[in-house]
>>> print(open('final-v6.cif').read())   # mmCIF, C-alpha atoms and all ligand atoms
data_target
loop_
_atom_site.label_atom_id
_atom_site.label_comp_id
_atom_site.auth_asym_id
_atom_site.auth_seq_id
_atom_site.Cartn_x
_atom_site.Cartn_y
_atom_site.Cartn_z
CA MET X 1 25.50 6.69 12.87
CA ARG X 2 24.03 9.68 14.70
CA ILE X 3 23.35 9.50 18.45
CA TRP X 4 19.83 10.84 18.88
CA GLN X 5 19.69 12.66 22.23
CA PRO X 6 16.74 12.48 24.65
CA PHE X 7 14.44 15.51 25.03
CA THR X 8 16.52 17.47 22.51
CA GLN X 9 15.86 19.43 19.34
CA MET X 10 18.80 18.03 17.43
CA GLN X 11 18.86 20.78 14.81
CA THR X 12 19.56 23.62 17.23
CA ALA X 13 21.29 21.77 20.08
CA SER X 14 24.93 22.55 20.73
CA ALA X 15 27.33 19.63 20.49
CA PRO X 16 27.13 17.36 23.55
CA LEU X 17 29.96 17.57 26.06
CA LYS X 18 32.19 14.53 26.14
CA VAL X 19 32.65 13.19 29.65
CA ARG X 20 35.85 11.26 30.34
CA SER X 21 35.22 10.29 33.94
CA ALA X 22 33.34 11.32 37.04
CA SER X 23 34.01 11.18 40.74
CA GLY X 24 31.99 12.43 43.70
CA ALA X 25 29.71 15.17 42.37
CA MET X 26 32.23 16.16 39.68
CA LEU X 27 32.19 15.33 35.97
CA ILE X 28 35.57 15.53 34.21
CA LEU X 29 35.37 16.36 30.52
CA GLU X 30 37.58 15.20 27.69
CA ASP X 31 39.52 18.49 27.73
CA GLY X 32 40.20 18.10 31.46
CA SER X 33 37.71 20.77 32.58
CA HIS X 34 35.39 20.07 35.53
CA VAL X 35 31.62 20.36 35.75
CA LEU X 36 29.89 20.09 39.15
CA ASP X 37 26.82 17.86 38.77
CA CYS X 38 24.22 19.79 40.78
CA ILE X 39 21.25 17.67 39.66
CA ALA X 40 22.68 14.18 40.33
CA SER X 41 22.48 13.33 36.62
CA TRP X 42 18.70 13.52 36.40
CA TRP X 43 18.13 12.75 40.07
CA THR X 44 19.74 9.33 40.00
CA ASN X 45 23.08 9.66 41.73
CA VAL X 46 23.13 8.99 45.46
CA HIS X 47 26.70 8.49 46.76
CA GLY X 48 28.73 10.20 44.06
CA HIS X 49 29.83 9.07 40.63
CA SER X 50 31.96 5.94 40.05
CA HIS X 51 31.69 4.98 43.70
CA PRO X 52 34.29 2.29 44.44
CA ALA X 53 31.95 0.10 46.56
CA ILE X 54 29.35 0.02 43.76
CA ALA X 55 32.01 -0.49 41.07
CA GLU X 56 33.45 -3.41 43.00
CA ALA X 57 30.02 -5.00 43.55
CA ILE X 58 29.40 -4.78 39.79
CA TYR X 59 32.77 -6.29 38.90
CA LYS X 60 32.55 -9.16 41.37
CA GLN X 61 29.02 -10.06 40.36
CA ALA X 62 29.83 -9.95 36.65
CA LEU X 63 32.54 -12.58 37.18
CA SER X 64 30.13 -15.16 38.64
CA LEU X 65 26.62 -14.60 37.22
CA GLU X 66 25.92 -11.76 34.83
CA HIS X 67 22.31 -12.60 34.02
CA VAL X 68 19.64 -15.23 34.24
CA MET X 69 15.95 -14.82 33.42
CA LEU X 70 13.91 -14.35 36.58
CA ALA X 71 10.83 -16.47 35.77
CA GLY X 72 11.53 -19.77 37.52
CA PHE X 73 14.93 -18.64 38.87
CA THR X 74 16.33 -16.63 41.71
CA HIS X 75 19.84 -15.70 42.84
CA GLU X 76 21.73 -14.29 45.78
CA PRO X 77 21.94 -10.63 44.68
CA ILE X 78 18.16 -10.30 44.22
CA GLU X 79 17.44 -12.08 47.49
CA ARG X 80 19.91 -9.97 49.46
CA LEU X 81 18.69 -6.76 47.82
CA THR X 82 15.07 -7.67 48.60
CA ALA X 83 15.95 -8.40 52.24
CA CYS X 84 17.72 -5.05 52.47
CA LEU X 85 14.78 -3.18 50.87
CA GLU X 86 12.45 -4.90 53.32
CA THR X 87 14.23 -3.08 56.14
CA MET X 88 13.95 0.26 54.30
CA LEU X 89 10.39 0.18 52.96
CA PRO X 90 7.11 0.56 54.90
CA LYS X 91 6.09 -2.67 56.62
CA HIS X 92 2.67 -2.90 54.96
CA LEU X 93 4.35 -3.47 51.56
CA THR X 94 5.13 -7.17 51.23
CA SER X 95 5.71 -7.98 47.54
CA ILE X 96 8.21 -6.49 45.11
CA PHE X 97 8.15 -6.70 41.30
CA TYR X 98 11.39 -5.68 39.59
CA SER X 99 11.76 -3.94 36.23
CA ASP X 100 14.28 -1.58 34.71
CA ASN X 101 13.21 2.07 34.63
CA GLY X 102 10.74 4.52 36.06
CA SER X 103 8.27 4.24 33.22
CA THR X 104 8.14 0.44 33.47
CA ALA X 105 7.69 0.64 37.25
CA ILE X 106 4.70 2.94 36.65
CA GLU X 107 3.21 0.80 33.87
CA THR X 108 3.53 -2.23 36.15
CA GLY X 109 1.80 -0.37 38.98
CA MET X 110 -1.03 0.74 36.69
CA LYS X 111 -1.54 -2.81 35.39
CA MET X 112 -1.47 -4.20 38.94
CA ALA X 113 -4.20 -1.75 39.96
CA LEU X 114 -6.38 -2.49 36.93
CA GLN X 115 -6.04 -6.24 37.21
CA TYR X 116 -6.60 -6.13 40.95
CA TRP X 117 -10.11 -4.80 40.36
CA HIS X 118 -10.60 -7.10 37.36
CA ASN X 119 -9.68 -10.12 39.49
CA LEU X 120 -12.06 -8.94 42.23
CA ARG X 121 -14.81 -8.79 39.58
CA GLN X 122 -15.14 -5.03 39.76
CA PRO X 123 -14.21 -4.22 36.16
CA GLU X 124 -16.05 -0.88 36.31
CA LYS X 125 -13.07 0.41 38.32
CA CYS X 126 -10.92 0.97 35.26
CA ARG X 127 -9.89 4.62 35.19
CA PHE X 128 -7.14 6.61 36.82
CA LEU X 129 -6.82 9.94 38.55
CA ALA X 130 -3.64 11.99 38.74
CA PHE X 131 -2.44 15.42 39.83
CA GLN X 132 -2.20 18.48 37.63
CA GLY X 133 1.48 18.95 36.77
CA GLY X 134 2.23 15.26 37.30
CA TYR X 135 4.83 13.35 35.30
CA HIS X 136 5.18 9.58 35.36
CA GLY X 137 7.36 8.67 32.41
CA ASP X 138 7.38 8.62 28.62
CA THR X 139 5.62 5.40 27.67
CA VAL X 140 2.05 5.63 26.39
CA GLY X 141 0.33 4.57 29.63
CA ALA X 142 2.54 6.84 31.74
CA MET X 143 1.94 9.78 29.40
CA SER X 144 -1.81 9.16 29.62
CA VAL X 145 -1.87 9.74 33.37
CA ALA X 146 0.11 12.98 33.29
CA GLU X 147 -0.41 16.62 32.52
CA ARG X 148 -0.47 17.20 28.75
CA SER X 149 2.37 19.30 27.37
CA VAL X 150 4.60 19.84 24.37
CA PHE X 151 6.05 16.43 25.27
CA THR X 152 2.76 14.59 24.77
CA LYS X 153 1.05 16.61 22.01
CA PRO X 154 1.91 14.40 19.00
CA PHE X 155 0.60 11.34 20.83
CA GLU X 156 -2.69 12.83 22.03
CA PRO X 157 -4.81 10.65 19.69
CA VAL X 158 -3.70 7.44 21.41
CA LEU X 159 -3.54 8.66 25.02
CA PHE X 160 -6.48 7.87 27.30
CA ALA X 161 -8.07 10.73 29.21
CA THR X 162 -7.23 11.12 32.90
CA PRO X 163 -8.97 13.69 35.10
CA LEU X 164 -6.39 15.82 36.92
CA VAL X 165 -6.83 16.83 40.54
CA PRO X 166 -5.59 20.35 41.41
CA PHE X 167 -2.16 20.19 43.09
CA ALA X 168 -1.90 22.54 46.07
CA GLU X 169 1.58 23.80 45.28
CA THR X 170 3.31 25.76 48.03
CA TRP X 171 6.58 27.48 48.96
CA GLU X 172 8.24 29.39 51.80
CA GLY X 173 6.04 32.14 53.18
CA ASP X 174 3.02 31.14 51.09
CA GLY X 175 0.01 32.64 52.86
CA ASP X 176 -2.58 31.00 50.61
CA VAL X 177 -1.69 27.37 51.06
CA GLN X 178 -4.74 26.46 53.13
CA THR X 179 -7.08 28.09 50.62
CA LYS X 180 -5.44 26.19 47.74
CA GLU X 181 -5.63 22.91 49.64
CA ALA X 182 -9.28 23.43 50.53
CA ALA X 183 -10.12 24.20 46.89
CA ALA X 184 -8.28 21.10 45.63
CA LEU X 185 -9.98 18.89 48.21
CA ALA X 186 -13.39 20.33 47.38
CA TRP X 187 -12.77 19.59 43.70
CA LEU X 188 -11.78 16.03 44.59
CA ASP X 189 -14.87 15.56 46.77
CA SER X 190 -17.27 16.62 44.10
CA TYR X 191 -15.45 14.63 41.41
CA LEU X 192 -15.46 11.46 43.51
CA ASP X 193 -19.12 11.82 44.45
CA GLN X 194 -19.96 11.68 40.75
CA ASN X 195 -17.28 9.32 39.42
CA GLY X 196 -15.52 7.62 42.32
CA ARG X 197 -16.91 4.18 41.52
CA HIS X 198 -15.06 4.13 38.18
CA ILE X 199 -11.64 4.96 39.55
CA ALA X 200 -9.14 2.13 40.00
CA ALA X 201 -6.31 4.21 41.40
CA MET X 202 -4.78 7.64 41.72
CA LEU X 203 -1.14 8.10 40.70
CA LEU X 204 0.87 10.83 42.32
CA GLU X 205 4.36 12.10 43.01
CA PRO X 206 4.39 12.58 46.80
CA LEU X 207 5.64 15.91 48.26
CA VAL X 208 7.58 16.99 45.15
CA GLN X 209 6.58 16.94 41.48
CA GLY X 210 9.90 16.73 39.68
CA ALA X 211 9.49 17.22 35.95
CA SER X 212 6.90 20.00 36.18
CA GLY X 213 9.44 22.15 38.03
CA MET X 214 10.03 20.83 41.56
CA ARG X 215 6.55 21.79 42.71
CA MET X 216 6.04 20.97 46.37
CA CYS X 217 3.02 20.31 48.59
CA ARG X 218 2.54 19.81 52.32
CA PRO X 219 2.24 16.37 53.95
CA GLU X 220 -1.11 17.49 55.40
CA PHE X 221 -2.45 17.86 51.86
CA LEU X 222 -1.36 14.35 50.87
CA ARG X 223 -2.94 12.88 53.99
CA ALA X 224 -6.24 14.62 53.24
CA VAL X 225 -6.18 13.33 49.63
CA HIS X 226 -5.54 9.80 50.92
CA ALA X 227 -8.47 10.00 53.30
CA LYS X 228 -10.85 10.99 50.49
CA LEU X 229 -9.59 8.26 48.16
CA ALA X 230 -9.92 5.67 50.94
CA GLU X 231 -13.58 6.64 51.46
CA HIS X 232 -14.19 5.64 47.84
CA GLY X 233 -12.06 2.47 47.91
CA ILE X 234 -9.56 3.91 45.42
CA LEU X 235 -5.98 2.59 45.41
CA VAL X 236 -3.11 5.05 45.77
CA ILE X 237 -0.03 4.59 43.60
CA TYR X 238 3.03 6.57 44.70
CA ASP X 239 5.50 7.48 42.03
CA GLU X 240 8.65 7.76 44.14
CA VAL X 241 10.90 7.36 41.12
CA MET X 242 12.42 10.77 41.89
CA THR X 243 11.57 11.23 45.60
CA GLY X 244 12.84 7.83 46.76
CA PHE X 245 16.13 6.98 48.46
CA GLY X 246 16.68 10.14 50.48
CA ARG X 247 15.86 12.83 47.93
CA THR X 248 13.25 14.48 50.20
CA GLY X 249 15.39 14.22 53.34
CA ALA X 250 13.76 10.95 54.46
CA LEU X 251 14.39 7.53 52.95
CA LEU X 252 11.02 7.76 51.18
CA ALA X 253 8.54 10.60 50.77
CA CYS X 254 5.70 8.38 52.02
CA GLN X 255 7.52 8.00 55.33
CA LYS X 256 8.09 11.74 55.56
CA ALA X 257 4.42 12.38 54.74
CA GLY X 258 3.14 9.70 57.10
CA THR X 259 1.05 8.04 54.37
CA GLN X 260 0.61 4.44 53.25
CA PRO X 261 0.38 3.96 49.49
CA ASP X 262 -1.05 0.70 48.11
CA ILE X 263 1.56 0.59 45.37
CA LEU X 264 4.99 2.23 45.45
CA CYS X 265 7.12 2.75 42.33
CA LEU X 266 10.89 3.12 42.65
CA ALA X 267 13.69 3.60 40.12
CA LYS X 268 16.34 6.36 39.68
CA GLY X 269 18.19 6.21 43.05
CA LEU X 270 17.50 2.52 43.64
CA SER X 271 20.83 1.44 42.15
CA GLY X 272 22.60 4.51 43.54
CA GLY X 273 22.44 5.95 40.04
CA ALA X 274 24.85 3.42 38.56
CA LEU X 275 22.63 1.14 36.46
CA PRO X 276 18.97 0.96 35.40
CA LEU X 277 16.78 -0.75 37.97
CA ALA X 278 13.19 -0.23 39.07
CA ALA X 279 10.67 -1.83 41.38
CA THR X 280 6.95 -1.80 42.00
CA VAL X 281 6.12 -2.72 45.59
CA THR X 282 2.67 -3.56 46.89
CA THR X 283 0.51 -4.79 49.75
CA GLU X 284 -0.48 -8.31 50.76
CA ALA X 285 -4.12 -7.62 49.77
CA ILE X 286 -3.15 -6.71 46.21
CA PHE X 287 -0.72 -9.62 45.86
CA GLN X 288 -3.34 -12.08 47.16
CA ALA X 289 -5.86 -10.94 44.54
CA PHE X 290 -3.55 -12.42 41.87
CA CYS X 291 -3.22 -15.83 43.53
CA ASP X 292 -5.49 -18.52 42.09
CA GLU X 293 -5.43 -21.92 40.37
CA ASP X 294 -6.26 -20.03 37.20
CA VAL X 295 -3.24 -18.64 35.30
CA SER X 296 -5.34 -15.80 33.89
CA LYS X 297 -5.51 -14.29 37.40
CA ALA X 298 -1.69 -13.98 37.45
CA LEU X 299 0.18 -10.78 36.65
CA LEU X 300 1.16 -11.76 33.11
CA HIS X 301 3.65 -8.96 32.77
CA GLY X 302 7.43 -8.80 32.70
CA HIS X 303 10.55 -7.25 31.26
CA THR X 304 13.43 -9.24 29.84
CA TYR X 305 16.18 -8.00 32.16
CA THR X 306 14.00 -8.12 35.29
CA GLY X 307 16.14 -8.80 38.35
CA ASN X 308 19.49 -8.67 36.54
CA PRO X 309 22.11 -9.89 39.06
CA ILE X 310 24.72 -7.21 38.27
CA VAL X 311 22.22 -4.41 38.73
CA CYS X 312 20.89 -5.98 41.94
CA ALA X 313 24.45 -6.23 43.30
CA ALA X 314 25.00 -2.54 42.55
CA ALA X 315 21.70 -1.62 44.20
CA LEU X 316 22.51 -3.71 47.27
CA ALA X 317 25.85 -1.92 47.71
CA SER X 318 24.08 1.43 47.35
CA CYS X 319 21.22 0.62 49.74
CA GLN X 320 23.61 -0.72 52.39
CA MET X 321 25.60 2.52 52.28
CA LEU X 322 22.42 4.57 52.44
CA CYS X 323 21.29 2.69 55.57
CA GLU X 324 24.70 3.02 57.24
CA ASN X 325 25.10 6.68 56.39
CA PRO X 326 21.93 8.74 55.87
CA ALA X 327 23.98 11.55 54.31
CA TYR X 328 20.83 13.00 52.73
CA GLU X 329 19.62 14.25 56.12
CA LYS X 330 22.02 17.20 56.30
CA LEU X 331 21.28 18.74 52.90
CA GLU X 332 18.15 20.73 53.67
CA SER X 333 19.85 22.79 56.38
CA TRP X 334 22.76 23.48 54.00
CA HIS X 335 20.32 24.65 51.33
CA ARG X 336 18.53 26.89 53.84
CA ASP X 337 21.84 28.51 54.90
CA LEU X 338 23.14 28.98 51.38
CA ALA X 339 19.88 30.29 49.89
CA ALA X 340 20.78 33.57 51.62
CA LEU X 341 23.35 34.01 48.81
CA LEU X 342 20.62 34.23 46.14
CA PRO X 343 19.44 37.61 44.80
CA HIS X 344 16.00 37.55 46.39
CA ASP X 345 14.64 40.37 44.22
CA LYS X 346 15.20 38.19 41.12
CA ILE X 347 13.53 35.01 42.37
CA GLU X 348 10.20 33.86 43.75
CA ARG X 349 8.61 30.78 45.29
CA LEU X 350 11.73 29.63 47.13
CA ARG X 351 11.14 26.10 48.40
CA PHE X 352 13.03 23.28 50.10
CA CYS X 353 12.45 19.58 50.55
CA GLY X 354 15.42 17.56 51.81
CA GLY X 355 18.14 17.56 49.17
CA ILE X 356 16.09 19.71 46.79
CA CYS X 357 16.14 23.49 46.73
CA ALA X 358 14.10 25.18 43.99
CA PHE X 359 12.88 28.65 43.08
CA ASN X 360 11.57 30.45 40.04
CA TYR X 361 13.36 33.17 38.15
CA LYS X 362 10.95 36.10 37.92
CA THR X 363 9.94 36.11 34.27
CA GLU X 364 6.97 35.72 32.02
CA GLU X 365 8.69 33.02 30.08
CA ALA X 366 8.36 29.57 31.60
CA THR X 367 8.28 26.92 28.91
CA TYR X 368 10.59 23.93 28.91
CA GLY X 369 13.35 24.37 26.39
CA SER X 370 12.55 28.05 25.95
CA GLY X 371 15.34 30.46 25.10
CA LEU X 372 15.57 31.45 28.74
CA SER X 373 16.07 27.98 30.22
CA LEU X 374 18.57 27.10 27.47
CA ASP X 375 20.44 30.38 28.05
CA LEU X 376 20.55 29.77 31.78
CA LYS X 377 21.80 26.20 31.29
CA ARG X 378 24.54 27.46 28.97
CA GLU X 379 25.57 30.19 31.43
CA PHE X 380 25.83 27.68 34.27
CA LEU X 381 27.79 25.21 32.14
CA SER X 382 30.24 27.88 31.04
CA ARG X 383 30.98 28.44 34.73
CA GLY X 384 31.42 24.71 35.35
CA PHE X 385 28.01 23.78 36.79
CA LEU X 386 25.47 21.27 35.53
CA ILE X 387 22.22 23.02 36.49
CA ARG X 388 19.30 22.41 34.15
CA PRO X 389 16.37 24.78 34.68
CA ILE X 390 12.87 23.53 33.92
CA GLY X 391 11.19 26.55 32.36
CA SER X 392 11.78 29.36 34.86
CA CYS X 393 12.43 26.91 37.72
CA ILE X 394 16.05 26.70 38.80
CA TYR X 395 16.80 23.90 41.23
CA LEU X 396 19.63 22.04 42.90
CA SER X 397 19.32 18.34 43.76
CA PRO X 398 22.87 17.02 44.06
CA SER X 399 24.40 13.70 45.11
CA TYR X 400 24.46 13.40 48.88
CA CYS X 401 28.27 13.26 48.77
CA ILE X 402 28.52 16.91 47.72
CA SER X 403 30.50 19.09 50.15
CA LYS X 404 29.07 22.28 51.58
CA ASP X 405 31.79 24.25 49.79
CA GLU X 406 30.88 22.69 46.46
CA LEU X 407 27.23 23.48 47.10
CA ARG X 408 28.15 27.05 48.07
CA SER X 409 30.02 27.46 44.78
CA ALA X 410 26.82 26.47 42.91
CA TYR X 411 24.76 29.07 44.80
CA LEU X 412 27.38 31.72 44.05
CA ALA X 413 27.31 30.81 40.35
CA ILE X 414 23.52 31.08 40.27
CA ALA X 415 23.67 34.47 42.00
CA GLN X 416 26.25 35.68 39.48
CA VAL X 417 24.21 34.53 36.49
CA LEU X 418 20.93 35.98 37.79
CA GLU X 419 22.57 39.34 38.43
CA GLN X 420 23.50 39.69 34.75
CA PRO X 421 21.49 42.62 33.40
CA GLN X 422 20.97 41.19 29.90
CA LEU X 423 19.38 37.96 31.15
CA ALA X 424 15.80 39.16 31.31
CA THR X 425 15.90 40.28 27.68
CA THR X 426 17.49 37.19 26.19
CA GLY X 427 15.44 34.13 25.41
CA SER X 428 12.11 33.99 23.59
CA SER X 429 14.23 33.10 20.54
CA SER X 430 13.09 29.56 20.13
CA LEU X 431 10.88 26.97 21.67
CA LEU X 432 12.85 23.73 22.03
C1 LIG D 501 12.12 10.09 35.78
C2 LIG D 501 10.75 9.84 36.26
C3 LIG D 501 9.95 8.84 35.69
C4 LIG D 501 10.38 8.04 34.50
O1 LIG D 501 11.50 7.28 34.76
P1 LIG D 501 12.37 6.74 33.52
O2 LIG D 501 13.40 5.88 34.16
O3 LIG D 501 12.94 7.95 32.84
O4 LIG D 501 11.44 5.99 32.62
C5 LIG D 501 8.70 8.62 36.25
N1 LIG D 501 8.26 9.34 37.29
C6 LIG D 501 9.01 10.31 37.87
C7 LIG D 501 8.46 11.05 39.04
C8 LIG D 501 10.26 10.60 37.36
O5 LIG D 501 10.98 11.58 37.91
#
>>> encode(input="final-v6.cif", output="structure tokens", more="lines below")
Ligand SMILES: *Cc1c(COP(=O)(O)O)cnc(C)c1O
Amino acid sequence: MRIWQPFTQMQTASAPLKVRSASGAMLILEDGSHVLDCIASWWTNVHGHSHPAIAEAIYKQALSLEHVMLAGFTHEPIERLTACLETMLPKHLTSIFYSDNGSTAIETGMKMALQYWHNLRQPEKCRFLAFQGGYHGDTVGAMSVAERSVFTKPFEPVLFATPLVPFAETWEGDGDVQTKEAAALAWLDSYLDQNGRHIAAMLLEPLVQGASGMRMCRPEFLRAVHAKLAEHGILVIYDEVMTGFGRTGALLACQKAGTQPDILCLAKGLSGGALPLAATVTTEAIFQAFCDEDVSKALLHGHTYTGNPIVCAAALASCQMLCENPAYEKLESWHRDLAALLPHDKIERLRFCGGICAFNYKTEEATYGSGLSLDLKREFLSRGFLIRPIGSCIYLSPSYCISKDELRSAYLAIAQVLEQPQLATTGSSSLL
């Protein structure tokens, strides 16, 4: 039986690397060679791989209660995790719905928003807004509220249309940011004046759009978008699947931005990167709109492994460590120091947000899976670094346990690769 890899053209892909074990930010391959995981295994890993406290929590929990369905039941791991999250999340969010991955957290949030208006007898509020360049997962609903791309093309006939608000992307030394923000806000104003009454909610990745290439915006921009949506009574759904749990230098991007979403979606770092777990968190007003004698007003939605005790125990261990040691806070200043090692004539749009440093390699070619990004990935791997460019965007977003020396070695490897004269002429061989 073949193992079909995610996001991969299987015909041209090189054989996958076999990982024997992992510790800290380091992957150890079958042949004993080491690969430094500079992207936290798709932005999930928080404290380092195979962390003993998380491993122990998983083992202990598995010995006493491995799983029970959540409808009609509860258990200590989910109650303790929820109490811990209550101390971490904004106070205006009072109800938490668990699921198992980012896409399900988003689908749950979208259904909550739609049914909220349905229950309030305002069924005309049934459409969504999202940002240009947004990504919210790979299920049909999540694809519908994102920028269309090579990823979504075959499914276009079944996706519903979502108007996309311009995203005022910015970077270090960007002199045009205010102009871009004003243009985006003007677009939003005129769109909402015409269509605001039909919009249930806007979905957005706050501060950093991950999958479209670590595109960043200013907190001021988010606050201005919120104000406009509030004028039209539109709910705001934050997709913090990537930005949550310290990735932006604060526990959550909404806290860093000083904004209050109505619905907050979490996944990736929630379990520390050990096991799949997601959550959709919302306000008292939204929760109350589902409470009634009538079962049809309830959120009739769920996922089989919702609230799995082993996963909750792992997440509790991770969240406790994150509260005790906010190791994510130091990363941005490390990135800013080390970025001096990069060949600045070869890169543009250098940007930082907490644990994320990103920039674009100066090239015409920018498509995901293009020859260039595959070549770059291969070059980094051959030097022992897991760095996975998105188009021409090269970024680092490591586990918070990484040492400054390890991080420095990644910057030096990038500098070495970008200085190779043949790089600019490779690529363009294949798309995906
Ligand atoms: C990864 C990601 C998702 C999807 O999460 P999955 O667990 O892969 O389904 C959704 N939104 C954002 C911002 C993500 O980074």
>>> closest_residue(input="final-v6.cif", among="X:Gly258, X:Gly210, X:Pro219, X:Gly246", to="ligand LIG 501 (chain D)", atoms="all atoms listed in the file")
X:Gly210
>>> residues_near_ligand(input="final-v6.cif", ligand="ligand LIG 501 (chain D)", cutoff="7 Å", atoms="only C-alpha atoms and all ligand atoms", output="list in words")
Asn101, Gly102, Ser103, Thr104, Ile106, Tyr135, His136, Gly137, Asp138, Glu205, Gln209, Gly210, Ala211, Asp239, Glu240, Val241, Met242, Ala267 and Lys268 of chain X
>>> closest_residue(input="final-v6.cif", among="X:Ala168, X:Ala317, X:Ile356, X:Ile414", to="Ala53 (chain X)", atoms="all atoms listed in the file")
X:Ala317
>>> closest_atom_pairs(input="final-v6.cif", of="region 98-187 of chain X", to="region 285-294 of chain X", cutoff="7 Å", atoms="only C-alpha atoms", output="JSON lines")
{"residue": "X:Tyr116", "atom": "CA", "partner": "X:Ala289", "partner_atom": "CA", "distance": 6.0}
{"residue": "X:Asn119", "atom": "CA", "partner": "X:Ala289", "partner_atom": "CA", "distance": 6.4}
{"residue": "X:Leu120", "atom": "CA", "partner": "X:Ala289", "partner_atom": "CA", "distance": 6.9}
>>> closest_residue(input="final-v6.cif", among="X:Asp174, X:Glu66, X:Glu169, X:Glu231", to="Leu188 (chain X)", atoms="only C-alpha atoms")
X:Glu231
>>> decode(input="final-v6.cif", residues="region 306-311 of chain X", atoms="all heavy atoms", output="PDB file, in the first residue's frame")
ATOM      1  N   THR X 306     -14.005  14.328  19.549  1.00  0.00           N
ATOM      2  CA  THR X 306     -14.090  15.566  20.328  1.00  0.00           C
ATOM      3  C   THR X 306     -13.734  15.341  21.786  1.00  0.00           C
ATOM      4  O   THR X 306     -14.304  14.477  22.439  1.00  0.00           O
ATOM      5  CB  THR X 306     -15.538  16.114  20.243  1.00  0.00           C
ATOM      6  OG1 THR X 306     -15.738  16.651  18.945  1.00  0.00           O
ATOM      7  CG2 THR X 306     -15.797  17.196  21.261  1.00  0.00           C
ATOM      8  N   GLY X 307     -12.774  16.123  22.275  1.00  0.00           N
ATOM      9  CA  GLY X 307     -12.463  16.095  23.712  1.00  0.00           C
ATOM     10  C   GLY X 307     -11.736  14.843  24.147  1.00  0.00           C
ATOM     11  O   GLY X 307     -11.789  14.485  25.327  1.00  0.00           O
ATOM     12  N   ASN X 308     -11.037  14.178  23.263  1.00  0.00           N
ATOM     13  CA  ASN X 308     -10.321  12.949  23.630  1.00  0.00           C
ATOM     14  C   ASN X 308      -9.418  13.188  24.843  1.00  0.00           C
ATOM     15  O   ASN X 308      -8.611  14.119  24.868  1.00  0.00           O
ATOM     16  CB  ASN X 308      -9.497  12.463  22.430  1.00  0.00           C
ATOM     17  CG  ASN X 308      -8.641  11.291  22.813  1.00  0.00           C
ATOM     18  OD1 ASN X 308      -7.491  11.447  23.195  1.00  0.00           O
ATOM     19  ND2 ASN X 308      -9.214  10.109  22.754  1.00  0.00           N
ATOM     20  N   PRO X 309      -9.546  12.354  25.879  1.00  0.00           N
ATOM     21  CA  PRO X 309      -8.810  12.597  27.133  1.00  0.00           C
ATOM     22  C   PRO X 309      -7.289  12.606  26.965  1.00  0.00           C
ATOM     23  O   PRO X 309      -6.602  13.413  27.609  1.00  0.00           O
ATOM     24  CB  PRO X 309      -9.247  11.430  28.033  1.00  0.00           C
ATOM     25  CG  PRO X 309     -10.558  10.981  27.483  1.00  0.00           C
ATOM     26  CD  PRO X 309     -10.504  11.229  26.015  1.00  0.00           C
ATOM     27  N   ILE X 310      -6.745  11.735  26.129  1.00  0.00           N
ATOM     28  CA  ILE X 310      -5.282  11.691  25.976  1.00  0.00           C
ATOM     29  C   ILE X 310      -4.787  12.996  25.358  1.00  0.00           C
ATOM     30  O   ILE X 310      -3.793  13.584  25.796  1.00  0.00           O
ATOM     31  CB  ILE X 310      -4.856  10.489  25.090  1.00  0.00           C
ATOM     32  CG1 ILE X 310      -5.281   9.175  25.743  1.00  0.00           C
ATOM     33  CG2 ILE X 310      -3.354  10.516  24.845  1.00  0.00           C
ATOM     34  CD1 ILE X 310      -5.017   7.943  24.869  1.00  0.00           C
ATOM     35  N   VAL X 311      -5.496  13.457  24.346  1.00  0.00           N
ATOM     36  CA  VAL X 311      -5.089  14.696  23.681  1.00  0.00           C
ATOM     37  C   VAL X 311      -5.227  15.877  24.645  1.00  0.00           C
ATOM     38  O   VAL X 311      -4.365  16.765  24.684  1.00  0.00           O
ATOM     39  CB  VAL X 311      -5.934  14.937  22.407  1.00  0.00           C
ATOM     40  CG1 VAL X 311      -5.359  16.066  21.608  1.00  0.00           C
ATOM     41  CG2 VAL X 311      -5.995  13.682  21.564  1.00  0.00           C
TER      42      VAL X 311
END
